[in-house]
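Read through the structure below, which is laid out as structure tokens, and then see the notes.
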Amino acid sequence: MNTCKHWLKPITLEGNHVRLEPLSQEHTEALGQAACDGELWKLWYTSVPTPEQTGEYIEKALESQQRGESFAFVVRHLASNEIVGSTRYYDIVPHNKRLAIGYTWYAQRVQRSAVNTECKLLLLGHAFETLQCIAVEFHTHWHNHTSRQAIARLGAKQDGVLRQHMIMPDGSLRDTVVFSILDSEWPAVRRNLTAKLERHC
């Protein structure tokens with residue numbers, strides 16, 4: 001039995017602003033259109049697919065999911081009923097009750113809105129309250145200052161930097177900044193995220 005699949009079952013998570021739906025090949029066109037809003041693939045420190053690469057991007061995500069390594073979602077903006085991005089659980093370690101949240105990107109039009117805040121609230125809530133995680137990690141590129149600041153604003157603490165951690169598609173070497181939230185910190189983080197969402201209402 002794959003303990004990861006047993007621990008992390010397919011689920012849809014819904015709030016007031018977004019619904020996180022399990023990623024499938026049916027989302028190929030909509031996800032490609034979302035990436036076009038801001039031409040997100042041009043950001044060299046991220047891994048957003050071009051419209052032509054979206055099918056392959058989804059296929060690789062689903063293969064990783066089949067191996068029990070991750071579980072990917074599309075982000076549906078409820079007000080417009082449009083797919084506006086993607087996010088996932090990954091680096092899943094059931095016996096240590098740990099996982100990471102990442103591979104997150106959003107169409108430019110919903111950036112700096114309630115979308116990311118509610119996505120994180122839903123993902124963290126499920127991780128800590130349903131899966132009973134003891135820690136949730138976030139990883140980002142050293143040069144992705146926007147992402148680093150956003151993760152810190154969640155209430156995550158920086159654990160350290162993994163130097164030359166990854167080889168990027170363009171051949172450059174990525175230093176990865178690692179953050180985490182512990183289960184004991186989750187109640188305060190939840191209050192912070194809930195307060196941020198109330199300011200968007």
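Identifiers in this document derive from the order of the structure tokens: chains are assigned A, B, ..., residues are numbered from 1 separately in each chain, and ligands are numbered from 1 in order of occurrence.
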In region 4-192 of chain A, what's strand (DSSP E or B) per DSSP? Answer as JSON, numbers by chain?
-> {"A": [13, 14, 18, 19, 20, 21, 22, 70, 71, 72, 73, 74, 75, 76, 77, 82, 83, 84, 85, 86, 87, 88, 89, 90, 91, 92, 93, 98, 99, 100, 101, 102, 103, 104, 105, 106, 135, 136, 137, 138, 139, 140, 141, 157, 158, 159, 160, 161, 162, 163, 164, 165, 166, 167, 173, 174, 175, 176, 177, 178, 179, 180, 181, 182]}
Export of the given selection (C-alpha atoms) as a CSV table (one decimal), in the first residue's frame:
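Result file is result-v5.csv:
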chain,number,residue,atom,x,y,z
A,13,LEU,CA,-11.1,22.8,-1.0
A,14,GLU,CA,-13.4,25.8,-1.2
A,18,VAL,CA,-11.5,30.4,-4.6
A,19,ARG,CA,-12.0,26.7,-5.1
A,20,LEU,CA,-9.0,24.4,-5.3
A,21,GLU,CA,-9.8,21.5,-7.6
A,22,PRO,CA,-7.6,18.5,-8.4
A,70,SER,CA,2.7,15.4,-4.7
A,71,PHE,CA,-0.9,16.5,-5.2
A,72,ALA,CA,-1.7,19.4,-7.6
A,73,PHE,CA,-4.6,21.7,-7.8
A,74,VAL,CA,-5.9,24.3,-10.1
A,75,VAL,CA,-7.2,27.5,-8.6
A,76,ARG,CA,-10.7,28.6,-9.7
A,77,HIS,CA,-11.7,32.2,-9.0
A,82,GLU,CA,-12.2,31.1,-14.3
A,83,ILE,CA,-9.1,29.1,-13.7
A,84,VAL,CA,-6.5,31.6,-12.5
A,85,GLY,CA,-3.5,29.5,-11.5
A,86,SER,CA,-2.2,26.3,-9.8
A,87,THR,CA,-0.6,25.2,-6.6
A,88,ARG,CA,0.2,21.8,-5.0
A,89,TYR,CA,1.3,19.8,-2.0
A,90,TYR,CA,4.7,18.2,-2.6
A,91,ASP,CA,7.7,16.7,-0.7
A,92,ILE,CA,5.1,14.6,1.1
A,93,VAL,CA,6.5,12.5,4.0
A,98,ARG,CA,5.4,16.8,6.9
A,99,LEU,CA,4.8,18.3,3.4
A,100,ALA,CA,5.5,21.4,1.4
A,101,ILE,CA,3.2,23.8,-0.4
A,102,GLY,CA,4.5,25.3,-3.6
A,103,TYR,CA,4.6,25.3,-7.4
A,104,THR,CA,2.2,28.2,-6.9
A,105,TRP,CA,1.4,30.8,-9.6
A,106,TYR,CA,-1.5,33.0,-10.4
A,135,ALA,CA,5.2,21.1,10.0
A,136,VAL,CA,4.6,22.6,6.5
A,137,GLU,CA,7.4,23.9,4.4
A,138,PHE,CA,7.7,26.5,1.7
A,139,HIS,CA,10.6,26.6,-0.8
A,140,THR,CA,11.5,29.5,-3.1
A,141,HIS,CA,14.3,30.8,-5.3
A,157,LYS,CA,9.9,31.3,9.6
A,158,GLN,CA,13.0,31.1,7.5
A,159,ASP,CA,14.9,27.9,8.3
A,160,GLY,CA,17.9,28.4,6.0
A,161,VAL,CA,19.2,28.4,2.4
A,162,LEU,CA,20.1,25.3,0.4
A,163,ARG,CA,22.9,26.5,-1.8
A,164,GLN,CA,23.1,25.2,-5.4
A,165,HIS,CA,20.0,23.2,-4.6
A,166,MET,CA,18.6,22.8,-8.1
A,167,ILE,CA,19.6,23.1,-11.8
A,173,LEU,CA,21.9,27.1,-10.3
A,174,ARG,CA,19.2,27.8,-7.8
A,175,ASP,CA,19.8,28.6,-4.2
A,176,THR,CA,16.6,27.6,-2.4
A,177,VAL,CA,15.3,29.5,0.6
A,178,VAL,CA,13.4,27.2,3.0
A,179,PHE,CA,10.6,28.4,5.3
A,180,SER,CA,8.3,26.5,7.6
A,181,ILE,CA,5.2,26.8,9.9
A,182,LEU,CA,4.9,24.4,12.8
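If you look at CA of Glu185 (chain A) and CA of Gly155 (chain A), they are 8.3 Å away from each other.
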Which residues are close to Gln53 (chain A), i.e. within 12 Å by only C-alpha atoms, leaving aside same-chain residues fewer than 6 positions away? Reply as a PDB file with N, CA and C atoms, in the first residue's frame.
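Below you can see out.pdb, which holds the result:
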ATOM      1  N   THR A  28      -6.150  21.891 -19.274  1.00  0.00           N
ATOM      2  CA  THR A  28      -5.015  22.333 -20.085  1.00  0.00           C
ATOM      3  C   THR A  28      -5.234  23.704 -20.711  1.00  0.00           C
ATOM      4  N   GLU A  29      -6.316  23.879 -21.412  1.00  0.00           N
ATOM      5  CA  GLU A  29      -6.550  25.147 -22.109  1.00  0.00           C
ATOM      6  C   GLU A  29      -6.712  26.302 -21.129  1.00  0.00           C
ATOM      7  N   LEU A  31      -5.667  26.572 -18.046  1.00  0.00           N
ATOM      8  CA  LEU A  31      -4.438  26.872 -17.326  1.00  0.00           C
ATOM      9  C   LEU A  31      -3.454  27.620 -18.237  1.00  0.00           C
ATOM     10  N   GLY A  32      -3.414  27.239 -19.501  1.00  0.00           N
ATOM     11  CA  GLY A  32      -2.573  27.952 -20.452  1.00  0.00           C
ATOM     12  C   GLY A  32      -2.995  29.401 -20.597  1.00  0.00           C
ATOM     13  N   GLN A  33      -4.299  29.647 -20.616  1.00  0.00           N
ATOM     14  CA  GLN A  33      -4.805  31.018 -20.704  1.00  0.00           C
ATOM     15  C   GLN A  33      -4.445  31.821 -19.455  1.00  0.00           C
ATOM     16  N   ALA A  35      -1.787  31.440 -17.603  1.00  0.00           N
ATOM     17  CA  ALA A  35      -0.361  31.769 -17.671  1.00  0.00           C
ATOM     18  C   ALA A  35      -0.096  32.915 -18.635  1.00  0.00           C
ATOM     19  N   CYS A  36      -0.963  33.071 -19.641  1.00  0.00           N
ATOM     20  CA  CYS A  36      -0.803  34.155 -20.609  1.00  0.00           C
ATOM     21  C   CYS A  36      -1.032  35.531 -19.983  1.00  0.00           C
ATOM     22  N   TRP A  41       5.594  32.780 -17.767  1.00  0.00           N
ATOM     23  CA  TRP A  41       6.736  31.904 -18.055  1.00  0.00           C
ATOM     24  C   TRP A  41       8.028  32.691 -18.288  1.00  0.00           C
ATOM     25  N   SER A  47       8.701  28.370 -12.531  1.00  0.00           N
ATOM     26  CA  SER A  47       8.555  27.250 -13.467  1.00  0.00           C
ATOM     27  C   SER A  47       7.137  27.211 -14.030  1.00  0.00           C
ATOM     28  N   GLU A  59       0.912  16.725 -17.296  1.00  0.00           N
ATOM     29  CA  GLU A  59       1.262  15.306 -17.336  1.00  0.00           C
ATOM     30  C   GLU A  59       2.327  14.966 -16.297  1.00  0.00           C
ATOM     31  N   LYS A  60       3.349  15.810 -16.200  1.00  0.00           N
ATOM     32  CA  LYS A  60       4.411  15.564 -15.224  1.00  0.00           C
ATOM     33  C   LYS A  60       3.887  15.679 -13.798  1.00  0.00           C
TER      34      LYS A  60
END
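Compared by their closest atoms to Glu26 (chain A), and using only C-alpha atoms, the residues A:Met168, A:Leu193, A:Val48, A:Ile58 rank with A:Ile58 nearest.
Between CA of Leu8 (chain A) and CA of Gly68 (chain A) there is a distance of 8.7 Å.
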Which of chain A fall in alpha helix (DSSP H), as a ChimeraX atom specification = /A:3-7,28-36,54-66,114-125,145-154,186-200
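Shortest separation to His17 (chain A) among A:Val115, A:Ala107, A:Ala127, A:Ala188 occurs at residue A:Val115, atoms counted being only C-alpha atoms.
As for CA of Glu118 (chain A) and CA of Ala150 (chain A), they are spaced 13.0 Å apart.
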